[in-house]
Amino acid sequence: TMYGFLWNRKQDRISRKIAIKSIAKGGLGIPKLRDYINALKLIWVRKLKTSDHKWKNIIKVTYPKVTLLEQLGSSLPIEELHLNKFWNDVFQAYKQFGRKIKVESSDELAAEPIFCNDKIQVGNRSICYKNWIDNKVFCIKNILKENGAFMTFNQFKEKYEINTDCITYIGCVQAIKSYILKTGLTIDNNMSNHMIKTLKVIYSGQKGARLYYEVLIQDANKPKCCEKWETKLNTDINWNTSFKKIQKIREIKLKWFQIRLVQRILATNVVLAHMGVEKDVTCSFCGKERDAIEHIFWRCEHVKRFWEQLQTVVNNACANGLFVNLNESIILFGHDCSFKSDDTFDLIILLAKFFIYKCKVKKNIPQFNLFRNYLKTAFEAYKYIATINMSYDKFTKEWQFYQTLMES
Ligand SMILES: [Zn+2]
């Protein structure tokens with residue numbers, strides 16, 4: 001299979017869900033056909049709103065429940081609708097799509113449909129009370145008071161003439177409350193958007209299905225590695241920037257190296273020991289600490305000394321106008337909110353990390369002077385490529401501040 005080829009037929013080291021996302025979002029950029037087909041089908045949900053063709057009236061007569069699209073959630077009881085194959089597939093796609101949409105404000109939340117909504121469940125099932133809908137109660141806002149609290153059963157009865165019992169009402173409110181809790185949002189008024197977010201997103205697509213595809217392939221959760229990093233380093237990291245920096249890396253060897261580092265699948269002694277290749281899980285440089293990625297590249301005393309030397313040379317001898325104060329985030333992910341770098345500096349840091357990793361494999365302590373030679377060799381190679389690509393002037397400009405780094 002395609003995956004087997006990519007992973008050299010060993011077990012997937014990055015989950016497939018992540019692999020299908022674009023590199024900018026932390027994946028490896030393999031398209032997924034089913035999501036693509038579903039995205040195309042969603043165009044027809046958009047057409048139900050925007051098209052004036054005769055078929056729209058036909059579908060309204062044939063499937064009256066479809067006209068409730070703007071009052072119900074996206075998990076319509078498709079089987080009960082007895083749709084033809086085509087529309088059946090369209091609404092299956094709509095259901096998938098609705099699951100991926102997350103509300104992000106209290107206005108969006110209050111506009112959420114109560115019925116046929118996967119996220120609001122009583123007894124593990126979504127609900128649909130026809131008599132409520134007939135009385136125009138279908139979104140969360142409809143049962144809120146001005147201060148954002150839910151109406152009591154009596155207030156509800158007073159406002160709407162709906163024949164329902166207290167238990168049903170309270171069960172429904174509880175289900176909504178536990179959904180609200182999961183969103184992490186709070187409601188303190190009864191203002192809401194005019195439309196369900198899922199439909200708003202669908203109608204906002206002007207042309208084609210690209211927007212829908214992007215939503216369908218996005219994972220509700222960040223890649224697993226991101227959470228692990230955040231716990232390990234006890235800080236928030238801007239993952240968009242991290243992955244954008246990876247996209248900019250031109251050399252495939254370095255790009256793959258940085259992907260493995262960020263995805264935490266770079267072979268450390270801990271990983272190698274787990275695979276039975278290495279017995280020792282301690283750092284190859286200091287022999288004291290556990291050989292974790294953050295240790296090899298930043299926390300180890302020998303590596304710290306290496307970075308200090310690099311930093312001193314850059315700050316004293318490179319007239320790049322940057323004041324470099326290296327930290328763990330700059331080293332590992334290539335950026336930090338407090339630091340504005342340039343592409344050449346990013347590349348130098350990346351080459352330095354790659355150099356450190358090579359030292360680790362050979363079990364040599366990284367020496368800054370040896371790195372200077374390594375950088376010079378890389379520089380000469382880039383210069384050669386720039387010459388044959390007729391971009392020598394650009395190249396000289398990019399490297400003008402960093403020549404001193406290579407003079408040991
Ligand atoms: Zn160490």
# chains A, B, ... in the order shown; residues from 1 in each chain; ligands from 1
call {"tool": "residues_around", "arguments": {"residues": "A:Leu48", "least_positions_apart": "2", "cutoff": "12 Å", "atoms": "only C-alpha atoms", "output": "PDB file with all heavy atoms, in the first residue's frame"}}
result
ATOM      1  N   LYS A  41     -19.660  16.467  -2.353  1.00  0.00           N
ATOM      2  CA  LYS A  41     -21.100  16.284  -2.117  1.00  0.00           C
ATOM      3  C   LYS A  41     -21.701  17.452  -1.346  1.00  0.00           C
ATOM      4  O   LYS A  41     -22.874  17.783  -1.507  1.00  0.00           O
ATOM      5  CB  LYS A  41     -21.336  14.982  -1.360  1.00  0.00           C
ATOM      6  CG  LYS A  41     -21.146  13.794  -2.263  1.00  0.00           C
ATOM      7  CD  LYS A  41     -21.300  12.502  -1.549  1.00  0.00           C
ATOM      8  CE  LYS A  41     -21.008  11.379  -2.517  1.00  0.00           C
ATOM      9  NZ  LYS A  41     -20.524  10.187  -1.821  1.00  0.00           N
ATOM     10  N   LEU A  42     -20.885  18.060  -0.490  1.00  0.00           N
ATOM     11  CA  LEU A  42     -21.394  19.170   0.319  1.00  0.00           C
ATOM     12  C   LEU A  42     -21.775  20.379  -0.533  1.00  0.00           C
ATOM     13  O   LEU A  42     -22.552  21.229  -0.088  1.00  0.00           O
ATOM     14  CB  LEU A  42     -20.363  19.569   1.382  1.00  0.00           C
ATOM     15  CG  LEU A  42     -20.251  18.555   2.524  1.00  0.00           C
ATOM     16  CD1 LEU A  42     -19.003  18.803   3.340  1.00  0.00           C
ATOM     17  CD2 LEU A  42     -21.483  18.626   3.422  1.00  0.00           C
ATOM     18  N   ILE A  43     -21.249  20.437  -1.732  1.00  0.00           N
ATOM     19  CA  ILE A  43     -21.643  21.523  -2.644  1.00  0.00           C
ATOM     20  C   ILE A  43     -23.161  21.497  -2.825  1.00  0.00           C
ATOM     21  O   ILE A  43     -23.804  22.541  -2.939  1.00  0.00           O
ATOM     22  CB  ILE A  43     -20.925  21.367  -4.005  1.00  0.00           C
ATOM     23  CG1 ILE A  43     -19.424  21.594  -3.825  1.00  0.00           C
ATOM     24  CG2 ILE A  43     -21.501  22.350  -5.036  1.00  0.00           C
ATOM     25  CD1 ILE A  43     -18.611  21.366  -5.087  1.00  0.00           C
ATOM     26  N   TRP A  44     -23.744  20.295  -2.788  1.00  0.00           N
ATOM     27  CA  TRP A  44     -25.194  20.177  -2.988  1.00  0.00           C
ATOM     28  C   TRP A  44     -25.989  20.689  -1.799  1.00  0.00           C
ATOM     29  O   TRP A  44     -27.113  21.146  -1.958  1.00  0.00           O
ATOM     30  CB  TRP A  44     -25.570  18.731  -3.341  1.00  0.00           C
ATOM     31  CG  TRP A  44     -25.044  18.416  -4.697  1.00  0.00           C
ATOM     32  CD1 TRP A  44     -23.828  17.877  -5.008  1.00  0.00           C
ATOM     33  CD2 TRP A  44     -25.685  18.702  -5.947  1.00  0.00           C
ATOM     34  NE1 TRP A  44     -23.676  17.805  -6.356  1.00  0.00           N
ATOM     35  CE2 TRP A  44     -24.799  18.299  -6.967  1.00  0.00           C
ATOM     36  CE3 TRP A  44     -26.918  19.261  -6.304  1.00  0.00           C
ATOM     37  CZ2 TRP A  44     -25.112  18.435  -8.317  1.00  0.00           C
ATOM     38  CZ3 TRP A  44     -27.227  19.395  -7.642  1.00  0.00           C
ATOM     39  CH2 TRP A  44     -26.339  18.982  -8.633  1.00  0.00           C
ATOM     40  N   VAL A  45     -25.428  20.650  -0.613  1.00  0.00           N
ATOM     41  CA  VAL A  45     -26.098  21.268   0.535  1.00  0.00           C
ATOM     42  C   VAL A  45     -26.108  22.779   0.334  1.00  0.00           C
ATOM     43  O   VAL A  45     -27.106  23.452   0.591  1.00  0.00           O
ATOM     44  CB  VAL A  45     -25.393  20.895   1.866  1.00  0.00           C
ATOM     45  CG1 VAL A  45     -26.075  21.588   3.040  1.00  0.00           C
ATOM     46  CG2 VAL A  45     -25.387  19.383   2.068  1.00  0.00           C
ATOM     47  N   ARG A  46     -24.999  23.295  -0.170  1.00  0.00           N
ATOM     48  CA  ARG A  46     -24.928  24.725  -0.457  1.00  0.00           C
ATOM     49  C   ARG A  46     -25.956  25.103  -1.529  1.00  0.00           C
ATOM     50  O   ARG A  46     -26.632  26.106  -1.433  1.00  0.00           O
ATOM     51  CB  ARG A  46     -23.517  25.071  -0.924  1.00  0.00           C
ATOM     52  CG  ARG A  46     -23.312  26.546  -1.213  1.00  0.00           C
ATOM     53  CD  ARG A  46     -21.853  26.845  -1.475  1.00  0.00           C
ATOM     54  NE  ARG A  46     -21.428  26.463  -2.812  1.00  0.00           N
ATOM     55  CZ  ARG A  46     -20.213  26.004  -3.107  1.00  0.00           C
ATOM     56  NH1 ARG A  46     -19.322  25.839  -2.161  1.00  0.00           N
ATOM     57  NH2 ARG A  46     -19.901  25.709  -4.342  1.00  0.00           N
ATOM     58  N   THR A  50     -28.663  28.145  -2.266  1.00  0.00           N
ATOM     59  CA  THR A  50     -28.332  29.206  -3.221  1.00  0.00           C
ATOM     60  C   THR A  50     -28.937  29.031  -4.612  1.00  0.00           C
ATOM     61  O   THR A  50     -29.095  29.998  -5.336  1.00  0.00           O
ATOM     62  CB  THR A  50     -26.803  29.327  -3.379  1.00  0.00           C
ATOM     63  OG1 THR A  50     -26.297  28.045  -3.773  1.00  0.00           O
ATOM     64  CG2 THR A  50     -26.152  29.747  -2.081  1.00  0.00           C
ATOM     65  N   SER A  51     -29.292  27.785  -4.938  1.00  0.00           N
ATOM     66  CA  SER A  51     -29.757  27.570  -6.311  1.00  0.00           C
ATOM     67  C   SER A  51     -31.246  27.892  -6.444  1.00  0.00           C
ATOM     68  O   SER A  51     -32.017  27.764  -5.500  1.00  0.00           O
ATOM     69  CB  SER A  51     -29.487  26.115  -6.699  1.00  0.00           C
ATOM     70  OG  SER A  51     -30.320  25.754  -7.761  1.00  0.00           O
ATOM     71  N   ASP A  52     -31.639  28.313  -7.617  1.00  0.00           N
ATOM     72  CA  ASP A  52     -33.055  28.581  -7.865  1.00  0.00           C
ATOM     73  C   ASP A  52     -33.681  27.553  -8.804  1.00  0.00           C
ATOM     74  O   ASP A  52     -34.775  27.769  -9.306  1.00  0.00           O
ATOM     75  CB  ASP A  52     -33.222  29.982  -8.481  1.00  0.00           C
ATOM     76  CG  ASP A  52     -33.163  31.037  -7.389  1.00  0.00           C
ATOM     77  OD1 ASP A  52     -33.618  30.746  -6.267  1.00  0.00           O
ATOM     78  OD2 ASP A  52     -32.641  32.130  -7.664  1.00  0.00           O
ATOM     79  N   HIS A  53     -32.982  26.508  -9.033  1.00  0.00           N
ATOM     80  CA  HIS A  53     -33.469  25.541 -10.014  1.00  0.00           C
ATOM     81  C   HIS A  53     -34.698  24.784  -9.530  1.00  0.00           C
ATOM     82  O   HIS A  53     -34.979  24.728  -8.351  1.00  0.00           O
ATOM     83  CB  HIS A  53     -32.364  24.569 -10.396  1.00  0.00           C
ATOM     84  CG  HIS A  53     -31.366  25.178 -11.304  1.00  0.00           C
ATOM     85  ND1 HIS A  53     -30.237  25.800 -10.821  1.00  0.00           N
ATOM     86  CD2 HIS A  53     -31.326  25.296 -12.649  1.00  0.00           C
ATOM     87  CE1 HIS A  53     -29.540  26.263 -11.835  1.00  0.00           C
ATOM     88  NE2 HIS A  53     -30.170  25.974 -12.962  1.00  0.00           N
ATOM     89  N   LYS A  54     -35.390  24.203 -10.492  1.00  0.00           N
ATOM     90  CA  LYS A  54     -36.639  23.496 -10.227  1.00  0.00           C
ATOM     91  C   LYS A  54     -36.454  22.324  -9.268  1.00  0.00           C
ATOM     92  O   LYS A  54     -37.310  22.051  -8.431  1.00  0.00           O
ATOM     93  CB  LYS A  54     -37.217  22.978 -11.554  1.00  0.00           C
ATOM     94  CG  LYS A  54     -38.678  23.350 -11.730  1.00  0.00           C
ATOM     95  CD  LYS A  54     -39.321  22.432 -12.744  1.00  0.00           C
ATOM     96  CE  LYS A  54     -39.270  23.017 -14.147  1.00  0.00           C
ATOM     97  NZ  LYS A  54     -39.694  22.108 -15.184  1.00  0.00           N
ATOM     98  N   TRP A  55     -35.280  21.635  -9.383  1.00  0.00           N
ATOM     99  CA  TRP A  55     -35.060  20.452  -8.549  1.00  0.00           C
ATOM    100  C   TRP A  55     -35.157  20.767  -7.062  1.00  0.00           C
ATOM    101  O   TRP A  55     -35.489  19.929  -6.253  1.00  0.00           O
ATOM    102  CB  TRP A  55     -33.716  19.788  -8.878  1.00  0.00           C
ATOM    103  CG  TRP A  55     -32.524  20.656  -8.597  1.00  0.00           C
ATOM    104  CD1 TRP A  55     -31.883  21.457  -9.474  1.00  0.00           C
ATOM    105  CD2 TRP A  55     -31.847  20.807  -7.346  1.00  0.00           C
ATOM    106  NE1 TRP A  55     -30.850  22.114  -8.859  1.00  0.00           N
ATOM    107  CE2 TRP A  55     -30.804  21.732  -7.549  1.00  0.00           C
ATOM    108  CE3 TRP A  55     -32.019  20.268  -6.057  1.00  0.00           C
ATOM    109  CZ2 TRP A  55     -29.937  22.125  -6.531  1.00  0.00           C
ATOM    110  CZ3 TRP A  55     -31.154  20.657  -5.047  1.00  0.00           C
ATOM    111  CH2 TRP A  55     -30.126  21.579  -5.279  1.00  0.00           C
ATOM    112  N   LYS A  56     -34.878  22.029  -6.716  1.00  0.00           N
ATOM    113  CA  LYS A  56     -34.933  22.421  -5.315  1.00  0.00           C
ATOM    114  C   LYS A  56     -36.369  22.298  -4.785  1.00  0.00           C
ATOM    115  O   LYS A  56     -36.596  21.855  -3.665  1.00  0.00           O
ATOM    116  CB  LYS A  56     -34.434  23.860  -5.190  1.00  0.00           C
ATOM    117  CG  LYS A  56     -33.962  24.189  -3.804  1.00  0.00           C
ATOM    118  CD  LYS A  56     -33.244  25.507  -3.810  1.00  0.00           C
ATOM    119  CE  LYS A  56     -33.743  26.372  -2.687  1.00  0.00           C
ATOM    120  NZ  LYS A  56     -33.104  27.697  -2.695  1.00  0.00           N
ATOM    121  N   ASN A  57     -37.312  22.707  -5.608  1.00  0.00           N
ATOM    122  CA  ASN A  57     -38.720  22.553  -5.216  1.00  0.00           C
ATOM    123  C   ASN A  57     -39.123  21.093  -5.161  1.00  0.00           C
ATOM    124  O   ASN A  57     -39.880  20.683  -4.290  1.00  0.00           O
ATOM    125  CB  ASN A  57     -39.625  23.309  -6.183  1.00  0.00           C
ATOM    126  CG  ASN A  57     -39.348  24.800  -6.102  1.00  0.00           C
ATOM    127  OD1 ASN A  57     -39.107  25.320  -5.014  1.00  0.00           O
ATOM    128  ND2 ASN A  57     -39.355  25.453  -7.243  1.00  0.00           N
ATOM    129  N   ILE A  58     -38.583  20.335  -6.119  1.00  0.00           N
ATOM    130  CA  ILE A  58     -38.905  18.906  -6.132  1.00  0.00           C
ATOM    131  C   ILE A  58     -38.436  18.246  -4.840  1.00  0.00           C
ATOM    132  O   ILE A  58     -39.182  17.519  -4.194  1.00  0.00           O
ATOM    133  CB  ILE A  58     -38.279  18.208  -7.367  1.00  0.00           C
ATOM    134  CG1 ILE A  58     -38.882  18.805  -8.646  1.00  0.00           C
ATOM    135  CG2 ILE A  58     -38.482  16.701  -7.298  1.00  0.00           C
ATOM    136  CD1 ILE A  58     -38.204  18.381  -9.925  1.00  0.00           C
ATOM    137  N   ILE A  59     -37.210  18.570  -4.430  1.00  0.00           N
ATOM    138  CA  ILE A  59     -36.702  17.930  -3.207  1.00  0.00           C
ATOM    139  C   ILE A  59     -37.500  18.391  -1.983  1.00  0.00           C
ATOM    140  O   ILE A  59     -37.742  17.619  -1.053  1.00  0.00           O
ATOM    141  CB  ILE A  59     -35.178  18.122  -3.031  1.00  0.00           C
ATOM    142  CG1 ILE A  59     -34.686  17.211  -1.894  1.00  0.00           C
ATOM    143  CG2 ILE A  59     -34.787  19.552  -2.707  1.00  0.00           C
ATOM    144  CD1 ILE A  59     -33.268  16.838  -1.969  1.00  0.00           C
ATOM    145  N   LYS A  60     -37.963  19.617  -1.997  1.00  0.00           N
ATOM    146  CA  LYS A  60     -38.747  20.112  -0.863  1.00  0.00           C
ATOM    147  C   LYS A  60     -40.085  19.388  -0.734  1.00  0.00           C
ATOM    148  O   LYS A  60     -40.565  19.142   0.365  1.00  0.00           O
ATOM    149  CB  LYS A  60     -38.969  21.614  -0.984  1.00  0.00           C
ATOM    150  CG  LYS A  60     -37.743  22.378  -0.518  1.00  0.00           C
ATOM    151  CD  LYS A  60     -37.968  23.867  -0.473  1.00  0.00           C
ATOM    152  CE  LYS A  60     -36.729  24.523   0.122  1.00  0.00           C
ATOM    153  NZ  LYS A  60     -36.740  25.974  -0.027  1.00  0.00           N
ATOM    154  N   VAL A  66     -36.173  17.820   4.850  1.00  0.00           N
ATOM    155  CA  VAL A  66     -34.971  18.505   4.401  1.00  0.00           C
ATOM    156  C   VAL A  66     -35.147  20.023   4.497  1.00  0.00           C
ATOM    157  O   VAL A  66     -34.197  20.765   4.696  1.00  0.00           O
ATOM    158  CB  VAL A  66     -34.599  18.054   2.968  1.00  0.00           C
ATOM    159  CG1 VAL A  66     -33.494  18.919   2.379  1.00  0.00           C
ATOM    160  CG2 VAL A  66     -34.164  16.596   2.989  1.00  0.00           C
ATOM    161  N   THR A  67     -36.390  20.483   4.403  1.00  0.00           N
ATOM    162  CA  THR A  67     -36.619  21.923   4.521  1.00  0.00           C
ATOM    163  C   THR A  67     -36.382  22.419   5.943  1.00  0.00           C
ATOM    164  O   THR A  67     -36.307  23.607   6.184  1.00  0.00           O
ATOM    165  CB  THR A  67     -38.056  22.304   4.092  1.00  0.00           C
ATOM    166  OG1 THR A  67     -38.953  21.537   4.886  1.00  0.00           O
ATOM    167  CG2 THR A  67     -38.293  22.027   2.635  1.00  0.00           C
ATOM    168  N   LEU A  68     -36.262  21.485   6.881  1.00  0.00           N
ATOM    169  CA  LEU A  68     -35.937  21.865   8.258  1.00  0.00           C
ATOM    170  C   LEU A  68     -34.434  21.969   8.488  1.00  0.00           C
ATOM    171  O   LEU A  68     -33.982  22.112   9.616  1.00  0.00           O
ATOM    172  CB  LEU A  68     -36.515  20.845   9.242  1.00  0.00           C
ATOM    173  CG  LEU A  68     -38.032  20.806   9.386  1.00  0.00           C
ATOM    174  CD1 LEU A  68     -38.435  19.645  10.277  1.00  0.00           C
ATOM    175  CD2 LEU A  68     -38.556  22.110   9.967  1.00  0.00           C
ATOM    176  N   LEU A  69     -33.685  21.884   7.422  1.00  0.00           N
ATOM    177  CA  LEU A  69     -32.225  21.879   7.503  1.00  0.00           C
ATOM    178  C   LEU A  69     -31.688  22.963   8.437  1.00  0.00           C
ATOM    179  O   LEU A  69     -30.752  22.743   9.189  1.00  0.00           O
ATOM    180  CB  LEU A  69     -31.658  22.085   6.096  1.00  0.00           C
ATOM    181  CG  LEU A  69     -30.291  21.493   5.800  1.00  0.00           C
ATOM    182  CD1 LEU A  69     -30.315  19.987   6.010  1.00  0.00           C
ATOM    183  CD2 LEU A  69     -29.881  21.827   4.372  1.00  0.00           C
ATOM    184  N   GLU A  70     -32.293  24.144   8.388  1.00  0.00           N
ATOM    185  CA  GLU A  70     -31.773  25.252   9.173  1.00  0.00           C
ATOM    186  C   GLU A  70     -32.250  25.235  10.627  1.00  0.00           C
ATOM    187  O   GLU A  70     -31.849  26.083  11.425  1.00  0.00           O
ATOM    188  CB  GLU A  70     -32.102  26.580   8.482  1.00  0.00           C
ATOM    189  CG  GLU A  70     -31.253  26.706   7.232  1.00  0.00           C
ATOM    190  CD  GLU A  70     -31.548  27.923   6.390  1.00  0.00           C
ATOM    191  OE1 GLU A  70     -32.255  28.836   6.861  1.00  0.00           O
ATOM    192  OE2 GLU A  70     -31.066  27.951   5.242  1.00  0.00           O
ATOM    193  N   TRP A  87     -28.965  11.755  -2.643  1.00  0.00           N
ATOM    194  CA  TRP A  87     -29.173  12.641  -1.493  1.00  0.00           C
ATOM    195  C   TRP A  87     -28.791  11.972  -0.182  1.00  0.00           C
ATOM    196  O   TRP A  87     -28.350  12.630   0.766  1.00  0.00           O
ATOM    197  CB  TRP A  87     -30.614  13.152  -1.451  1.00  0.00           C
ATOM    198  CG  TRP A  87     -30.820  14.191  -2.499  1.00  0.00           C
ATOM    199  CD1 TRP A  87     -31.467  14.037  -3.697  1.00  0.00           C
ATOM    200  CD2 TRP A  87     -30.309  15.533  -2.492  1.00  0.00           C
ATOM    201  NE1 TRP A  87     -31.403  15.197  -4.429  1.00  0.00           N
ATOM    202  CE2 TRP A  87     -30.709  16.143  -3.713  1.00  0.00           C
ATOM    203  CE3 TRP A  87     -29.570  16.287  -1.580  1.00  0.00           C
ATOM    204  CZ2 TRP A  87     -30.381  17.457  -4.044  1.00  0.00           C
ATOM    205  CZ3 TRP A  87     -29.245  17.601  -1.902  1.00  0.00           C
ATOM    206  CH2 TRP A  87     -29.657  18.179  -3.117  1.00  0.00           C
ATOM    207  N   VAL A  90     -25.252  12.675   0.112  1.00  0.00           N
ATOM    208  CA  VAL A  90     -25.048  14.091   0.425  1.00  0.00           C
ATOM    209  C   VAL A  90     -25.224  14.325   1.933  1.00  0.00           C
ATOM    210  O   VAL A  90     -24.400  14.967   2.580  1.00  0.00           O
ATOM    211  CB  VAL A  90     -26.019  14.995  -0.370  1.00  0.00           C
ATOM    212  CG1 VAL A  90     -25.983  16.433   0.158  1.00  0.00           C
ATOM    213  CG2 VAL A  90     -25.679  14.974  -1.861  1.00  0.00           C
ATOM    214  N   PHE A  91     -26.289  13.734   2.494  1.00  0.00           N
ATOM    215  CA  PHE A  91     -26.532  13.980   3.918  1.00  0.00           C
ATOM    216  C   PHE A  91     -25.628  13.163   4.841  1.00  0.00           C
ATOM    217  O   PHE A  91     -25.419  13.547   5.990  1.00  0.00           O
ATOM    218  CB  PHE A  91     -28.022  13.825   4.239  1.00  0.00           C
ATOM    219  CG  PHE A  91     -28.813  14.979   3.686  1.00  0.00           C
ATOM    220  CD1 PHE A  91     -29.632  14.823   2.576  1.00  0.00           C
ATOM    221  CD2 PHE A  91     -28.683  16.247   4.233  1.00  0.00           C
ATOM    222  CE1 PHE A  91     -30.320  15.901   2.032  1.00  0.00           C
ATOM    223  CE2 PHE A  91     -29.362  17.336   3.707  1.00  0.00           C
ATOM    224  CZ  PHE A  91     -30.181  17.158   2.595  1.00  0.00           C
ATOM    225  N   LEU A 199     -23.946  25.165   8.896  1.00  0.00           N
ATOM    226  CA  LEU A 199     -24.516  25.688   7.651  1.00  0.00           C
ATOM    227  C   LEU A 199     -23.847  26.995   7.243  1.00  0.00           C
ATOM    228  O   LEU A 199     -23.637  27.248   6.061  1.00  0.00           O
ATOM    229  CB  LEU A 199     -26.021  25.897   7.805  1.00  0.00           C
ATOM    230  CG  LEU A 199     -26.857  24.626   7.729  1.00  0.00           C
ATOM    231  CD1 LEU A 199     -28.306  24.927   8.043  1.00  0.00           C
ATOM    232  CD2 LEU A 199     -26.738  23.971   6.360  1.00  0.00           C
ATOM    233  N   ILE A 202     -20.860  26.094   5.451  1.00  0.00           N
ATOM    234  CA  ILE A 202     -21.169  25.536   4.127  1.00  0.00           C
ATOM    235  C   ILE A 202     -21.601  26.639   3.157  1.00  0.00           C
ATOM    236  O   ILE A 202     -21.130  26.708   2.028  1.00  0.00           O
ATOM    237  CB  ILE A 202     -22.243  24.440   4.237  1.00  0.00           C
ATOM    238  CG1 ILE A 202     -21.615  23.193   4.874  1.00  0.00           C
ATOM    239  CG2 ILE A 202     -22.833  24.101   2.858  1.00  0.00           C
ATOM    240  CD1 ILE A 202     -22.526  22.023   5.028  1.00  0.00           C
ATOM    241  N   TYR A 203     -22.469  27.528   3.616  1.00  0.00           N
ATOM    242  CA  TYR A 203     -22.940  28.598   2.728  1.00  0.00           C
ATOM    243  C   TYR A 203     -21.824  29.591   2.392  1.00  0.00           C
ATOM    244  O   TYR A 203     -21.883  30.280   1.381  1.00  0.00           O
ATOM    245  CB  TYR A 203     -24.117  29.358   3.357  1.00  0.00           C
ATOM    246  CG  TYR A 203     -25.356  28.521   3.565  1.00  0.00           C
ATOM    247  CD1 TYR A 203     -26.328  28.905   4.489  1.00  0.00           C
ATOM    248  CD2 TYR A 203     -25.582  27.353   2.827  1.00  0.00           C
ATOM    249  CE1 TYR A 203     -27.473  28.150   4.686  1.00  0.00           C
ATOM    250  CE2 TYR A 203     -26.719  26.591   3.027  1.00  0.00           C
ATOM    251  CZ  TYR A 203     -27.663  26.989   3.962  1.00  0.00           C
ATOM    252  OH  TYR A 203     -28.787  26.240   4.156  1.00  0.00           O
TER     253      TYR A 203
END
call {"tool": "select_by_dssp", "arguments": {"residues": "stretch 26-149 of chain A", "states": "alpha helix (DSSP H)", "output": "PyMOL selection string"}}
result
chain A and resi 33-50+54-62+78-81+85-100+106-110+130-134
call {"tool": "residues_around", "arguments": {"residues": "stretch 308-315 of chain A", "least_positions_apart": "2", "cutoff": "9 Å", "atoms": "only C-alpha atoms", "output": "PyMOL selection string"}}
result
chain A and resi 303-306+317-326+368+401-402+404-405
call {"tool": "closest_atom_pairs", "arguments": {"of": "chain A", "to": "ligand 1", "cutoff": "10 Å", "atoms": "only C-alpha atoms and all ligand atoms", "output": "tab-separated table"}}
result
residue	atom	partner	partner_atom_place_in_ligand_line	distance
A:Thr282	CA	ligand 1	1 (Zn)	7.5
A:Cys283	CA	ligand 1	1 (Zn)	4.5
A:Ser284	CA	ligand 1	1 (Zn)	6.5
A:Phe285	CA	ligand 1	1 (Zn)	4.9
A:Cys286	CA	ligand 1	1 (Zn)	4.0
A:Gly287	CA	ligand 1	1 (Zn)	6.0
A:Lys288	CA	ligand 1	1 (Zn)	6.1
A:Glu289	CA	ligand 1	1 (Zn)	5.4
A:Arg290	CA	ligand 1	1 (Zn)	7.4
A:Asp291	CA	ligand 1	1 (Zn)	6.8
A:Ala292	CA	ligand 1	1 (Zn)	9.0
A:Glu294	CA	ligand 1	1 (Zn)	9.9
A:His295	CA	ligand 1	1 (Zn)	6.2
A:Ile296	CA	ligand 1	1 (Zn)	6.1
A:Phe297	CA	ligand 1	1 (Zn)	9.0
A:Trp298	CA	ligand 1	1 (Zn)	9.0
A:Arg299	CA	ligand 1	1 (Zn)	7.2
A:Cys300	CA	ligand 1	1 (Zn)	3.9
A:Glu301	CA	ligand 1	1 (Zn)	6.2
A:His302	CA	ligand 1	1 (Zn)	6.7
A:Val303	CA	ligand 1	1 (Zn)	7.6
A:Lys304	CA	ligand 1	1 (Zn)	9.6
A:Lys360	CA	ligand 1	1 (Zn)	9.9
A:Ile365	CA	ligand 1	1 (Zn)	9.4
call {"tool": "atom_distance", "arguments": {"atom1": "atom CA of A:Gln96", "atom2": "atom CA of A:Ile78"}}
result
12.5 Å
call {"tool": "atom_distance", "arguments": {"atom1": "atom CA of A:Tyr212", "atom2": "atom CA of A:Phe86"}}
result
18.2 Å
